[in-house]
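Coordinates from input-v2.csv are shown below (CSV, C-alpha atoms and all ligand atoms).
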chain,number,residue,atom,x,y,z
A,1,MET,CA,-58.7,44.5,-168.8
A,2,LYS,CA,-61.9,45.0,-170.6
A,3,ILE,CA,-64.9,42.9,-169.8
A,4,GLU,CA,-66.9,42.3,-173.0
A,5,ARG,CA,-69.5,39.8,-171.9
A,6,ILE,CA,-70.6,37.8,-168.9
A,7,GLU,CA,-72.4,34.5,-168.8
A,8,MET,CA,-74.2,33.4,-165.7
A,9,ARG,CA,-75.7,30.0,-165.0
A,10,HIS,CA,-77.7,28.5,-162.2
A,11,VAL,CA,-76.4,25.0,-161.8
A,12,ARG,CA,-77.6,22.1,-159.6
A,13,MET,CA,-75.5,19.1,-158.9
A,14,ARG,CA,-76.4,15.9,-157.0
A,15,LEU,CA,-74.3,15.3,-153.9
A,16,THR,CA,-72.8,11.8,-153.4
A,17,SER,CA,-74.6,11.7,-150.1
A,18,PRO,CA,-77.1,14.0,-148.3
A,19,PHE,CA,-75.4,16.7,-146.3
A,20,ARG,CA,-77.3,17.5,-143.1
A,21,THR,CA,-76.4,20.3,-140.7
A,22,SER,CA,-78.2,22.1,-137.9
A,23,VAL,CA,-79.7,24.3,-140.6
A,24,GLY,CA,-81.2,21.6,-142.8
A,25,VAL,CA,-80.4,18.8,-145.3
A,26,GLU,CA,-79.2,19.1,-148.9
A,27,HIS,CA,-79.4,16.3,-151.4
A,28,GLU,CA,-78.3,18.6,-154.3
A,29,ARG,CA,-76.2,21.7,-154.3
A,30,ASP,CA,-77.1,24.8,-156.2
A,31,CYS,CA,-74.7,27.6,-157.1
A,32,LEU,CA,-74.1,30.2,-159.8
A,33,ILE,CA,-71.2,29.8,-162.3
A,34,LEU,CA,-69.9,33.0,-163.9
A,35,ARG,CA,-67.9,33.3,-167.1
A,36,LEU,CA,-66.2,36.5,-168.0
A,37,PHE,CA,-65.0,37.2,-171.5
A,38,SER,CA,-62.0,39.5,-171.6
A,39,GLU,CA,-59.6,40.2,-174.5
A,40,GLY,CA,-59.5,36.6,-175.7
A,41,LEU,CA,-59.5,35.1,-172.2
A,42,GLU,CA,-62.2,33.5,-170.1
A,43,GLY,CA,-62.3,33.9,-166.4
A,44,TRP,CA,-64.5,31.6,-164.2
A,45,GLY,CA,-66.1,32.3,-160.9
A,46,GLU,CA,-68.4,30.3,-158.5
A,47,CYS,CA,-70.9,32.0,-156.3
A,48,VAL,CA,-71.7,29.7,-153.5
A,49,ALA,CA,-75.1,31.0,-152.6
A,50,GLY,CA,-77.4,28.0,-152.4
A,51,SER,CA,-81.1,27.2,-152.8
A,52,PHE,CA,-82.1,28.1,-149.3
A,53,PRO,CA,-81.1,31.1,-147.0
A,54,GLY,CA,-79.8,28.8,-144.2
A,55,TYR,CA,-76.1,29.4,-143.9
A,56,SER,CA,-76.3,32.9,-145.3
A,57,TYR,CA,-79.3,35.2,-146.1
A,58,GLU,CA,-78.1,35.0,-149.8
A,59,THR,CA,-79.6,32.4,-152.2
A,60,VAL,CA,-79.0,31.7,-155.9
A,61,GLY,CA,-82.1,34.0,-156.5
A,62,THR,CA,-80.8,37.0,-154.5
A,63,ALA,CA,-77.3,36.6,-156.0
A,64,TRP,CA,-78.7,36.4,-159.6
A,65,HIS,CA,-80.7,39.6,-158.9
A,66,VAL,CA,-77.8,41.7,-157.4
A,67,LEU,CA,-75.3,40.4,-159.9
A,68,SER,CA,-77.4,41.1,-163.0
A,69,GLU,CA,-78.9,44.3,-161.8
A,70,PHE,CA,-76.0,46.0,-160.0
A,71,PHE,CA,-72.6,44.2,-160.3
A,72,PHE,CA,-72.5,43.3,-164.0
A,73,PRO,CA,-73.6,46.7,-165.2
A,74,LEU,CA,-70.5,48.2,-163.4
A,75,LEU,CA,-68.1,46.0,-165.3
A,76,LEU,CA,-70.0,46.1,-168.6
A,77,LYS,CA,-70.2,49.9,-168.8
A,78,GLY,CA,-66.7,49.9,-170.2
A,79,GLY,CA,-63.3,50.8,-169.0
A,80,SER,CA,-60.5,48.7,-167.7
A,81,TRP,CA,-61.0,46.4,-164.7
A,82,ASP,CA,-58.9,44.6,-162.2
A,83,VAL,CA,-59.7,43.4,-158.6
A,84,PRO,CA,-58.9,46.7,-156.8
A,85,ALA,CA,-60.9,48.7,-159.3
A,86,PHE,CA,-63.8,46.4,-159.0
A,87,ARG,CA,-63.7,46.5,-155.2
A,88,ARG,CA,-63.6,50.3,-155.3
A,89,ALA,CA,-66.5,50.6,-157.8
A,90,ALA,CA,-68.6,48.0,-155.8
A,91,GLU,CA,-68.1,49.7,-152.5
A,92,GLY,CA,-71.4,51.5,-152.8
A,93,ILE,CA,-73.3,48.2,-153.2
A,94,ARG,CA,-74.1,47.0,-149.7
A,95,GLY,CA,-73.8,43.4,-148.6
A,96,HIS,CA,-74.2,40.3,-150.7
A,97,PRO,CA,-70.7,39.0,-150.1
A,98,LEU,CA,-71.3,35.6,-151.8
A,99,ALA,CA,-72.4,37.2,-155.0
A,100,ARG,CA,-69.5,39.7,-154.9
A,101,ALA,CA,-67.0,37.0,-154.2
A,102,GLY,CA,-68.1,34.9,-157.1
A,103,LEU,CA,-67.5,37.7,-159.5
A,104,GLU,CA,-64.2,38.7,-157.9
A,105,MET,CA,-63.0,35.1,-158.3
A,106,ALA,CA,-63.5,35.4,-162.1
A,107,LEU,CA,-61.5,38.6,-162.1
A,108,TRP,CA,-58.7,36.9,-160.1
A,109,ASP,CA,-58.7,34.0,-162.6
A,110,LEU,CA,-58.3,36.6,-165.5
A,111,THR,CA,-55.6,38.5,-163.6
A,112,ALA,CA,-53.5,35.3,-163.0
A,113,GLN,CA,-53.9,34.1,-166.6
A,114,ARG,CA,-52.7,37.5,-167.9
A,115,ARG,CA,-49.6,37.1,-165.8
A,116,SER,CA,-49.2,33.5,-167.0
A,117,ALA,CA,-49.2,32.5,-163.3
A,118,SER,CA,-51.3,30.3,-161.2
A,119,LEU,CA,-53.8,31.8,-158.8
A,120,ALA,CA,-51.8,30.4,-155.9
A,121,GLU,CA,-48.7,32.3,-157.1
A,122,VAL,CA,-50.6,35.6,-157.5
A,123,LEU,CA,-52.1,35.3,-154.0
A,124,GLY,CA,-48.6,34.6,-152.5
A,125,GLY,CA,-49.1,30.9,-151.9
A,126,LYS,CA,-46.1,28.9,-150.8
A,127,LYS,CA,-47.2,25.3,-150.3
A,128,ASP,CA,-47.5,22.7,-153.2
A,129,ARG,CA,-50.0,20.7,-151.3
A,130,VAL,CA,-52.3,21.6,-148.4
A,131,PRO,CA,-53.5,19.5,-145.5
A,132,VAL,CA,-57.2,18.8,-145.6
A,133,GLY,CA,-60.0,17.2,-143.6
A,134,VAL,CA,-63.5,16.1,-144.1
A,135,SER,CA,-66.8,17.6,-142.8
A,136,VAL,CA,-69.3,15.0,-141.8
A,137,GLY,CA,-73.0,15.7,-141.8
A,138,ILE,CA,-75.4,14.8,-139.0
A,139,GLN,CA,-76.3,11.1,-139.4
A,140,PRO,CA,-79.5,9.3,-138.4
A,141,ASP,CA,-77.9,7.5,-135.4
A,142,THR,CA,-74.5,6.9,-133.8
A,143,ALA,CA,-74.0,3.6,-135.6
A,144,ALA,CA,-74.4,5.3,-138.9
A,145,LEU,CA,-72.1,8.1,-137.8
A,146,LEU,CA,-69.3,5.7,-136.9
A,147,GLU,CA,-69.7,3.9,-140.2
A,148,VAL,CA,-69.4,7.2,-142.2
A,149,VAL,CA,-66.4,8.4,-140.1
A,150,THR,CA,-64.7,5.0,-140.5
A,151,GLY,CA,-65.2,5.2,-144.3
A,152,TYR,CA,-63.5,8.6,-144.4
A,153,VAL,CA,-60.7,7.6,-142.0
A,154,GLU,CA,-60.0,4.5,-144.2
A,155,THR,CA,-60.0,6.8,-147.3
A,156,GLY,CA,-57.2,8.7,-145.7
A,157,TYR,CA,-58.7,11.8,-144.1
A,158,GLN,CA,-56.6,12.6,-141.0
A,159,ARG,CA,-58.9,15.3,-139.6
A,160,VAL,CA,-62.6,14.9,-139.1
A,161,LYS,CA,-65.3,17.6,-138.4
A,162,LEU,CA,-68.7,16.5,-137.1
A,163,LYS,CA,-71.7,18.7,-137.6
A,164,ILE,CA,-73.7,19.0,-134.4
A,165,GLU,CA,-77.0,20.4,-133.1
A,166,PRO,CA,-78.8,20.2,-129.8
A,167,GLY,CA,-79.6,16.6,-129.1
A,168,ASN,CA,-77.0,15.4,-131.7
A,169,ASP,CA,-73.8,16.5,-130.0
A,170,LEU,CA,-72.1,15.0,-127.0
A,171,GLU,CA,-73.0,11.4,-127.7
A,172,SER,CA,-71.6,11.7,-131.2
A,173,VAL,CA,-68.3,13.2,-130.0
A,174,ARG,CA,-68.1,10.5,-127.2
A,175,ALA,CA,-68.6,7.7,-129.7
A,176,VAL,CA,-66.2,8.9,-132.3
A,177,ARG,CA,-63.6,9.7,-129.7
A,178,LYS,CA,-63.9,6.3,-128.1
A,179,GLN,CA,-63.3,4.5,-131.5
A,180,TYR,CA,-60.6,6.9,-132.6
A,181,PRO,CA,-58.7,8.1,-129.5
A,182,ASP,CA,-56.0,10.1,-131.5
A,183,LEU,CA,-58.0,11.3,-134.4
A,184,PRO,CA,-57.8,15.1,-134.9
A,185,LEU,CA,-61.5,15.9,-134.3
A,186,GLN,CA,-63.6,19.1,-134.3
A,187,VAL,CA,-67.3,20.0,-134.2
A,188,ASP,CA,-69.4,22.6,-136.1
A,189,ALA,CA,-72.7,23.9,-134.7
A,190,ASN,CA,-73.6,26.3,-137.5
A,191,THR,CA,-75.1,28.8,-134.9
A,192,ALA,CA,-77.5,26.2,-133.4
A,193,TYR,CA,-77.0,27.1,-129.7
A,194,ASP,CA,-77.3,30.0,-127.4
A,195,ILE,CA,-75.7,30.9,-124.1
A,196,GLU,CA,-78.6,29.3,-122.3
A,197,ASN,CA,-77.9,25.8,-123.7
A,198,ALA,CA,-74.2,25.9,-123.7
A,199,GLU,CA,-73.3,23.5,-120.9
A,200,VAL,CA,-72.7,20.9,-123.5
A,201,PHE,CA,-69.5,22.7,-124.6
A,202,ALA,CA,-68.0,22.6,-121.2
A,203,ALA,CA,-68.7,18.8,-121.2
A,204,MET,CA,-66.8,18.6,-124.5
A,205,ASP,CA,-63.6,19.8,-122.9
A,206,GLU,CA,-62.7,16.2,-121.9
A,207,TYR,CA,-62.7,14.9,-125.5
A,208,GLN,CA,-59.6,16.8,-126.8
A,209,LEU,CA,-61.4,18.5,-129.7
A,210,LEU,CA,-59.3,20.8,-131.9
A,211,MET,CA,-62.0,23.4,-131.8
A,212,ILE,CA,-65.7,24.1,-131.5
A,213,GLU,CA,-67.0,26.0,-134.6
A,214,GLN,CA,-69.6,28.7,-134.4
A,215,PRO,CA,-71.8,27.6,-131.5
A,216,PHE,CA,-73.8,30.8,-131.3
A,217,ALA,CA,-75.5,33.3,-133.7
A,218,GLU,CA,-73.6,35.1,-136.4
A,219,ASP,CA,-74.0,38.5,-134.7
A,220,ASP,CA,-73.2,37.3,-131.2
A,221,LEU,CA,-69.5,37.9,-130.6
A,222,LEU,CA,-70.1,38.8,-126.9
A,223,ASP,CA,-71.6,35.4,-125.9
A,224,HIS,CA,-68.8,33.6,-127.8
A,225,SER,CA,-66.4,35.5,-125.7
A,226,LYS,CA,-68.2,34.6,-122.5
A,227,LEU,CA,-68.2,30.9,-123.5
A,228,GLN,CA,-64.5,31.0,-124.4
A,229,ALA,CA,-63.7,32.2,-120.9
A,230,ARG,CA,-65.5,29.2,-119.5
A,231,ILE,CA,-64.1,26.4,-121.6
A,232,LYS,CA,-60.6,25.1,-122.6
A,233,THR,CA,-61.4,24.0,-126.1
A,234,PRO,CA,-60.7,26.8,-128.6
A,235,ILE,CA,-63.8,28.4,-130.3
A,236,CYS,CA,-63.5,28.9,-134.0
A,237,LEU,CA,-65.7,31.4,-135.7
A,238,ASP,CA,-67.1,30.9,-139.2
A,239,GLU,CA,-70.4,32.7,-139.9
A,240,SER,CA,-69.5,35.6,-137.5
A,241,ILE,CA,-66.4,36.6,-139.5
A,242,ARG,CA,-67.7,38.7,-142.4
A,243,GLY,CA,-64.4,40.6,-142.9
A,244,LEU,CA,-61.3,42.0,-141.3
A,245,ARG,CA,-63.3,44.1,-138.9
A,246,GLN,CA,-65.1,41.2,-137.2
A,247,THR,CA,-61.8,39.4,-137.2
A,248,ARG,CA,-60.2,42.2,-135.2
A,249,HIS,CA,-63.2,42.5,-132.9
A,250,ALA,CA,-63.4,38.7,-132.2
A,251,LEU,CA,-59.7,38.4,-131.4
A,252,GLU,CA,-59.7,41.6,-129.2
A,253,ILE,CA,-62.5,40.3,-127.0
A,254,ASP,CA,-61.3,36.6,-127.1
A,255,ALA,CA,-64.5,35.4,-128.8
A,256,CYS,CA,-62.4,32.8,-130.6
A,257,ARG,CA,-58.9,31.4,-130.6
A,258,ILE,CA,-59.0,30.0,-134.1
A,259,LEU,CA,-60.2,31.5,-137.4
A,260,ASN,CA,-61.9,30.0,-140.4
A,261,ILE,CA,-61.8,31.9,-143.7
A,262,LYS,CA,-64.2,31.2,-146.6
A,263,PRO,CA,-63.4,33.7,-149.4
A,264,ALA,CA,-67.1,33.8,-150.2
A,265,ARG,CA,-68.3,34.7,-146.7
A,266,VAL,CA,-65.9,37.6,-146.5
A,267,GLY,CA,-66.8,39.0,-149.9
A,268,GLY,CA,-63.8,37.7,-151.9
A,269,LEU,CA,-60.2,36.6,-152.0
A,270,GLN,CA,-58.8,40.2,-151.5
A,271,GLU,CA,-60.6,40.5,-148.1
A,272,ALA,CA,-59.4,36.9,-147.4
A,273,LEU,CA,-55.8,38.0,-148.0
A,274,GLU,CA,-56.2,40.9,-145.6
A,275,ILE,CA,-57.6,38.7,-142.9
A,276,HIS,CA,-54.9,36.2,-143.5
A,277,ALA,CA,-52.2,38.9,-143.1
A,278,TYR,CA,-53.7,40.2,-139.8
A,279,VAL,CA,-54.3,36.7,-138.3
A,280,ALA,CA,-50.8,35.5,-139.3
A,281,ARG,CA,-49.2,38.7,-137.7
A,282,ASN,CA,-51.1,37.8,-134.5
A,283,GLY,CA,-50.1,34.2,-134.5
A,284,VAL,CA,-53.7,32.9,-134.6
A,285,PRO,CA,-54.3,29.4,-136.1
A,286,LEU,CA,-56.2,29.7,-139.4
A,287,TRP,CA,-57.8,27.3,-141.9
A,288,CYS,CA,-59.8,27.5,-145.1
A,289,GLY,CA,-63.4,26.5,-144.9
A,290,GLY,CA,-65.6,25.1,-147.7
A,291,MET,CA,-69.0,25.5,-149.2
A,292,LEU,CA,-69.3,22.2,-151.1
A,293,GLU,CA,-67.7,23.9,-154.0
A,294,THR,CA,-67.4,22.5,-157.6
A,295,GLY,CA,-63.9,22.1,-159.1
A,296,ILE,CA,-63.9,25.9,-159.8
A,297,GLY,CA,-64.4,27.1,-156.3
A,298,ARG,CA,-62.4,24.2,-154.9
A,299,SER,CA,-59.4,25.3,-157.0
A,300,ALA,CA,-59.6,28.8,-155.6
A,301,ASN,CA,-59.8,27.5,-152.0
A,302,LEU,CA,-56.7,25.4,-152.6
A,303,ALA,CA,-54.8,28.4,-153.9
A,304,LEU,CA,-55.8,30.4,-150.9
A,305,ALA,CA,-55.0,27.6,-148.4
A,306,SER,CA,-51.4,27.4,-149.9
A,307,LEU,CA,-50.6,30.7,-148.1
A,308,PRO,CA,-48.3,30.3,-145.1
A,309,GLY,CA,-50.8,31.5,-142.4
A,310,PHE,CA,-53.2,28.6,-143.1
A,311,THR,CA,-51.8,26.3,-140.4
A,312,LEU,CA,-54.7,23.9,-139.9
A,313,PRO,CA,-56.3,21.4,-142.3
A,314,GLY,CA,-59.0,22.9,-144.4
A,315,ASP,CA,-62.5,21.7,-145.3
A,316,ILE,CA,-61.3,21.0,-148.8
A,317,SER,CA,-62.0,17.4,-149.5
A,318,ALA,CA,-61.4,15.4,-152.7
A,319,SER,CA,-63.9,15.9,-155.5
A,320,ASP,CA,-65.4,12.4,-155.0
A,321,ARG,CA,-66.5,13.3,-151.4
A,322,TYR,CA,-69.0,15.7,-153.0
A,323,TYR,CA,-69.9,14.8,-156.6
A,324,PHE,CA,-70.1,11.8,-158.9
A,325,GLU,CA,-69.4,14.1,-161.8
A,326,ASP,CA,-67.8,17.6,-161.6
A,327,ILE,CA,-67.9,20.5,-164.0
A,328,ALA,CA,-64.1,21.1,-164.0
A,329,ALA,CA,-61.1,18.8,-164.7
A,330,PRO,CA,-58.9,17.5,-163.4
A,331,ARG,CA,-60.7,16.2,-160.3
A,332,PHE,CA,-59.0,16.8,-157.0
A,333,THR,CA,-57.8,13.7,-155.2
A,334,LEU,CA,-56.5,13.0,-151.7
A,335,ASN,CA,-52.8,12.2,-151.3
A,336,THR,CA,-51.8,9.5,-148.8
A,337,ASP,CA,-50.7,12.2,-146.3
A,338,SER,CA,-54.2,13.7,-146.2
A,339,THR,CA,-53.2,16.6,-148.5
A,340,ILE,CA,-54.5,17.8,-151.8
A,341,ASP,CA,-52.2,19.3,-154.5
A,342,VAL,CA,-52.5,23.0,-155.2
A,343,PRO,CA,-53.3,23.6,-158.9
A,344,ARG,CA,-50.3,24.9,-160.8
A,345,GLY,CA,-51.8,25.7,-164.2
A,346,LYS,CA,-52.5,29.3,-165.3
A,347,GLY,CA,-55.3,31.1,-163.4
A,348,LEU,CA,-57.5,28.6,-161.6
A,349,GLY,CA,-55.7,25.8,-163.4
A,350,VAL,CA,-58.8,23.8,-164.2
A,351,THR,CA,-60.6,23.2,-167.5
A,352,VAL,CA,-64.4,23.6,-167.4
A,353,ASP,CA,-66.2,20.6,-169.0
A,354,MET,CA,-68.8,22.5,-171.1
A,355,ASP,CA,-70.8,19.4,-171.7
A,356,ALA,CA,-71.2,18.6,-168.0
A,357,LEU,CA,-71.8,22.3,-167.2
A,358,GLN,CA,-74.6,22.4,-169.8
A,359,ARG,CA,-76.3,19.3,-168.4
A,360,PHE,CA,-76.3,20.7,-164.8
A,361,THR,CA,-77.5,24.2,-165.9
A,362,LEU,CA,-81.1,25.1,-164.9
A,363,ARG,CA,-81.0,28.5,-166.5
A,364,SER,CA,-78.4,30.7,-168.1
A,365,LEU,CA,-78.2,34.3,-169.3
A,366,SER,CA,-75.6,36.3,-171.2
A,367,PHE,CA,-74.9,39.9,-170.5
A,368,PRO,CA,-75.2,42.4,-172.2
A,401,LIG,O1,-70.3,25.6,-141.8
A,401,LIG,O2,-68.4,24.9,-142.7
A,401,LIG,C1,-69.7,25.1,-142.8
A,401,LIG,C2,-70.8,23.4,-146.0
A,401,LIG,C3,-71.8,24.3,-146.4
A,401,LIG,C4,-72.1,25.4,-145.6
A,401,LIG,C5,-71.4,25.6,-144.4
A,401,LIG,C6,-70.4,24.7,-144.0
A,401,LIG,C7,-70.2,23.6,-144.8
A,401,LIG,C8,-69.2,22.5,-144.5
A,401,LIG,C9,-68.7,21.7,-145.6
A,401,LIG,O3,-68.9,22.3,-143.3
A,401,LIG,C10,-67.3,22.1,-146.0
A,401,LIG,C11,-66.9,21.5,-147.3
A,401,LIG,O4,-66.4,20.3,-147.3
A,401,LIG,O5,-67.1,22.1,-148.3
A,402,MG,MG,-68.8,26.1,-140.4
Any chance you could put this one into structure tokens?
Ligand code: OSB
Ligand code: MG
Amino acid sequence: MKIERIEMRHVRMRLTSPFRTSVGVEHERDCLILRLFSEGLEGWGECVAGSFPGYSYETVGTAWHVLSEFFFPLLLKGGSWDVPAFRRAAEGIRGHPLARAGLEMALWDLTAQRRSASLAEVLGGKKDRVPVGVSVGIQPDTAALLEVVTGYVETGYQRVKLKIEPGNDLESVRAVRKQYPDLPLQVDANTAYDIENAEVFAAMDEYQLLMIEQPFAEDDLLDHSKLQARIKTPICLDESIRGLRQTRHALEIDACRILNIKPARVGGLQEALEIHAYVARNGVPLWCGGMLETGIGRSANLALASLPGFTLPGDISASDRYYFEDIAAPRFTLNTDSTIDVPRGKGLGVTVDMDALQRFTLRSLSFP
């Protein structure tokens, strides 16, 4: 397919509640929204790089730069494009997975629309609804944490993830576990610890956590492997898994026993498919992570999570857990069994609300 024009917007949306992790606090979420015009169709993509290089080195600024200077000129120089052709052509551009994945998402949307199929069908998804949980930010104190968790449990979320950091860890787990003895519960440290202050994870073994997510640094597979040898609770890697190679390495040295895939972090849905196939072959539990996506990126995550290897609940909550108003319709809602329906319309299967999108746009540019 020919790509005639690309629109890029930097959008900022207020979160329904501040989201605090070991990395910092966000009251608003920034991202880039991409719109590809191709032979009468429009493909949409979301680049999840944020306002601050906390989770990843990428930001809306770096993504804007590499997309407009390097990635867009590839597609706009002419010729016929699909996902494999884009991946081959973009091989020489190093890094910047979040930027790359946002653009690839729009190509997937176009690909699926041209086949009159949903993205889930094109990716090989089997499920109609996927089990989901909720990711709970660090709260000011234990009472506030219990109140927030109770709110989500009463809303119907059947799996809860607590963000932790040194000093805000064991006590939170103990309190939530005491109030909810059977709740599927997990924690996410977003790299806040190192092997020197890791005793806390051994102490967590008695609280039947589903997993401990990314305790150590992104590039530290070795210490994750040393920790996994000392504790019973499975480690799950997020930031460390940048593609199929890190997946293989992590599993070979037992640095984790559960995998989280975020299509953005691994540079796009194609790489996510390859990791999914490898992980499923090896019988490793897998789930789909989230980056507080708008309805556009959330739809792509739901499509991916409908593949059979995604065996654990994803961080794909209902739209109202994140935003008062979204840029895409329909909004995603939680079913009573703690699942969300996989979109079945063509492509991403959502309609972008141009009026809302315009109101959230800080700057936009059209290429060429
Ligand atoms: O580490 O999983 C993470 C959000 C932004 C950046 C990193 C992470 C998260 C979440 C929220 O945990 C997941 C979501 O509900 O989108
Ligand atoms: Mg994480």
- Task: Name the residues in contact with range 316-331 of chain A at a cut-off of 9 Å, using only C-alpha atoms, excluding same-chain residues fewer than 6 positions from it; report them as a VMD selection string.
- Result: chain A and resid 13 to 17 131 to 135 152 157 288 to 296 298 301 to 302 339 to 340 349 to 357 360
- Task: Excluding Arg114 in chain A and any residue of its chain fewer than 4 positions from it, enumerate the residues within 10 Å of it, using all atoms listed in the file, and give them as a list in words.
- Result: Met1, Glu39, Leu41, Trp108, Asp109, Leu110, Ser118, Lys346 and Gly347 of chain A
- Task: Counting all atoms listed in the file, figure out which residue out of A:Glu218, A:Asp238, A:Glu91, A:Glu199 gets nearest to ligand LIG 401 (chain A).
- Result: A:Asp238
Leaving out Trp64 in chain A and any residue of its chain fewer than 2 positions from it, which residues lie within 9 Å of it when counting all atoms listed in the file, given as a PDB file with C-alpha atoms, in the frame of the given file?
ATOM      1  CA  MET A   8     -74.200  33.400-165.700  1.00  0.00           C
ATOM      2  CA  ARG A   9     -75.700  30.000-165.000  1.00  0.00           C
ATOM      3  CA  HIS A  10     -77.700  28.500-162.200  1.00  0.00           C
ATOM      4  CA  LEU A  32     -74.100  30.200-159.800  1.00  0.00           C
ATOM      5  CA  THR A  59     -79.600  32.400-152.200  1.00  0.00           C
ATOM      6  CA  VAL A  60     -79.000  31.700-155.900  1.00  0.00           C
ATOM      7  CA  GLY A  61     -82.100  34.000-156.500  1.00  0.00           C
ATOM      8  CA  THR A  62     -80.800  37.000-154.500  1.00  0.00           C
ATOM      9  CA  VAL A  66     -77.800  41.700-157.400  1.00  0.00           C
ATOM     10  CA  LEU A  67     -75.300  40.400-159.900  1.00  0.00           C
ATOM     11  CA  SER A  68     -77.400  41.100-163.000  1.00  0.00           C
ATOM     12  CA  GLU A  69     -78.900  44.300-161.800  1.00  0.00           C
ATOM     13  CA  ALA A  99     -72.400  37.200-155.000  1.00  0.00           C
TER      14      ALA A  99
END
- Query: Within 12 Å of ligand MG 402 (chain A), counting only C-alpha atoms and all ligand atoms, which protein or nucleic acid residues do you find, written as a ChimeraX atom specification?
  - Reply: /A:21-23,54-56,134-137,161-164,186-192,211-218,235-241,259-262,265,287-292,314-315
- Using all atoms listed in the file, determine which residues lie at most 12 Å from Gly167 in chain A, disregarding the query and same-chain residues fewer than 4 positions distant; provide the list as number ranges by chain. A: 22, 138, 140-142, 163, 171-173, 189, 192-193, 197, 200
Can you put N, CA and C atoms back into range 204-215 of chain A and show it as a PDB file, keeping the file's coordinate frame?
ATOM      1  N   MET A 204     -67.697  19.018-123.400  1.00  0.00           N
ATOM      2  CA  MET A 204     -66.800  18.600-124.500  1.00  0.00           C
ATOM      3  C   MET A 204     -65.355  18.725-124.216  1.00  0.00           C
ATOM      4  N   ASP A 205     -65.036  19.529-123.203  1.00  0.00           N
ATOM      5  CA  ASP A 205     -63.600  19.800-122.900  1.00  0.00           C
ATOM      6  C   ASP A 205     -62.811  18.512-122.658  1.00  0.00           C
ATOM      7  N   GLU A 206     -63.477  17.438-122.220  1.00  0.00           N
ATOM      8  CA  GLU A 206     -62.700  16.200-121.900  1.00  0.00           C
ATOM      9  C   GLU A 206     -62.380  15.379-123.150  1.00  0.00           C
ATOM     10  N   TYR A 207     -62.852  15.788-124.340  1.00  0.00           N
ATOM     11  CA  TYR A 207     -62.700  14.900-125.500  1.00  0.00           C
ATOM     12  C   TYR A 207     -61.566  15.462-126.479  1.00  0.00           C
ATOM     13  N   GLN A 208     -60.717  16.334-126.029  1.00  0.00           N
ATOM     14  CA  GLN A 208     -59.600  16.800-126.800  1.00  0.00           C
ATOM     15  C   GLN A 208     -59.976  17.234-128.236  1.00  0.00           C
ATOM     16  N   LEU A 209     -60.989  18.052-128.346  1.00  0.00           N
ATOM     17  CA  LEU A 209     -61.400  18.500-129.700  1.00  0.00           C
ATOM     18  C   LEU A 209     -60.398  19.632-130.096  1.00  0.00           C
ATOM     19  N   LEU A 210     -60.113  19.691-131.399  1.00  0.00           N
ATOM     20  CA  LEU A 210     -59.300  20.800-131.900  1.00  0.00           C
ATOM     21  C   LEU A 210     -59.952  22.109-131.740  1.00  0.00           C
ATOM     22  N   MET A 211     -61.282  22.105-131.889  1.00  0.00           N
ATOM     23  CA  MET A 211     -62.000  23.400-131.800  1.00  0.00           C
ATOM     24  C   MET A 211     -63.536  23.078-131.819  1.00  0.00           C
ATOM     25  N   ILE A 212     -64.289  24.096-131.379  1.00  0.00           N
ATOM     26  CA  ILE A 212     -65.700  24.100-131.500  1.00  0.00           C
ATOM     27  C   ILE A 212     -66.085  25.260-132.423  1.00  0.00           C
ATOM     28  N   GLU A 213     -66.712  24.946-133.561  1.00  0.00           N
ATOM     29  CA  GLU A 213     -67.000  26.000-134.600  1.00  0.00           C
ATOM     30  C   GLU A 213     -68.357  26.566-134.423  1.00  0.00           C
ATOM     31  N   GLN A 214     -68.418  27.860-134.355  1.00  0.00           N
ATOM     32  CA  GLN A 214     -69.600  28.700-134.400  1.00  0.00           C
ATOM     33  C   GLN A 214     -70.811  28.110-133.626  1.00  0.00           C
ATOM     34  N   PRO A 215     -70.674  28.030-132.287  1.00  0.00           N
ATOM     35  CA  PRO A 215     -71.800  27.600-131.500  1.00  0.00           C
ATOM     36  C   PRO A 215     -73.021  28.526-131.533  1.00  0.00           C
TER      37      PRO A 215
END
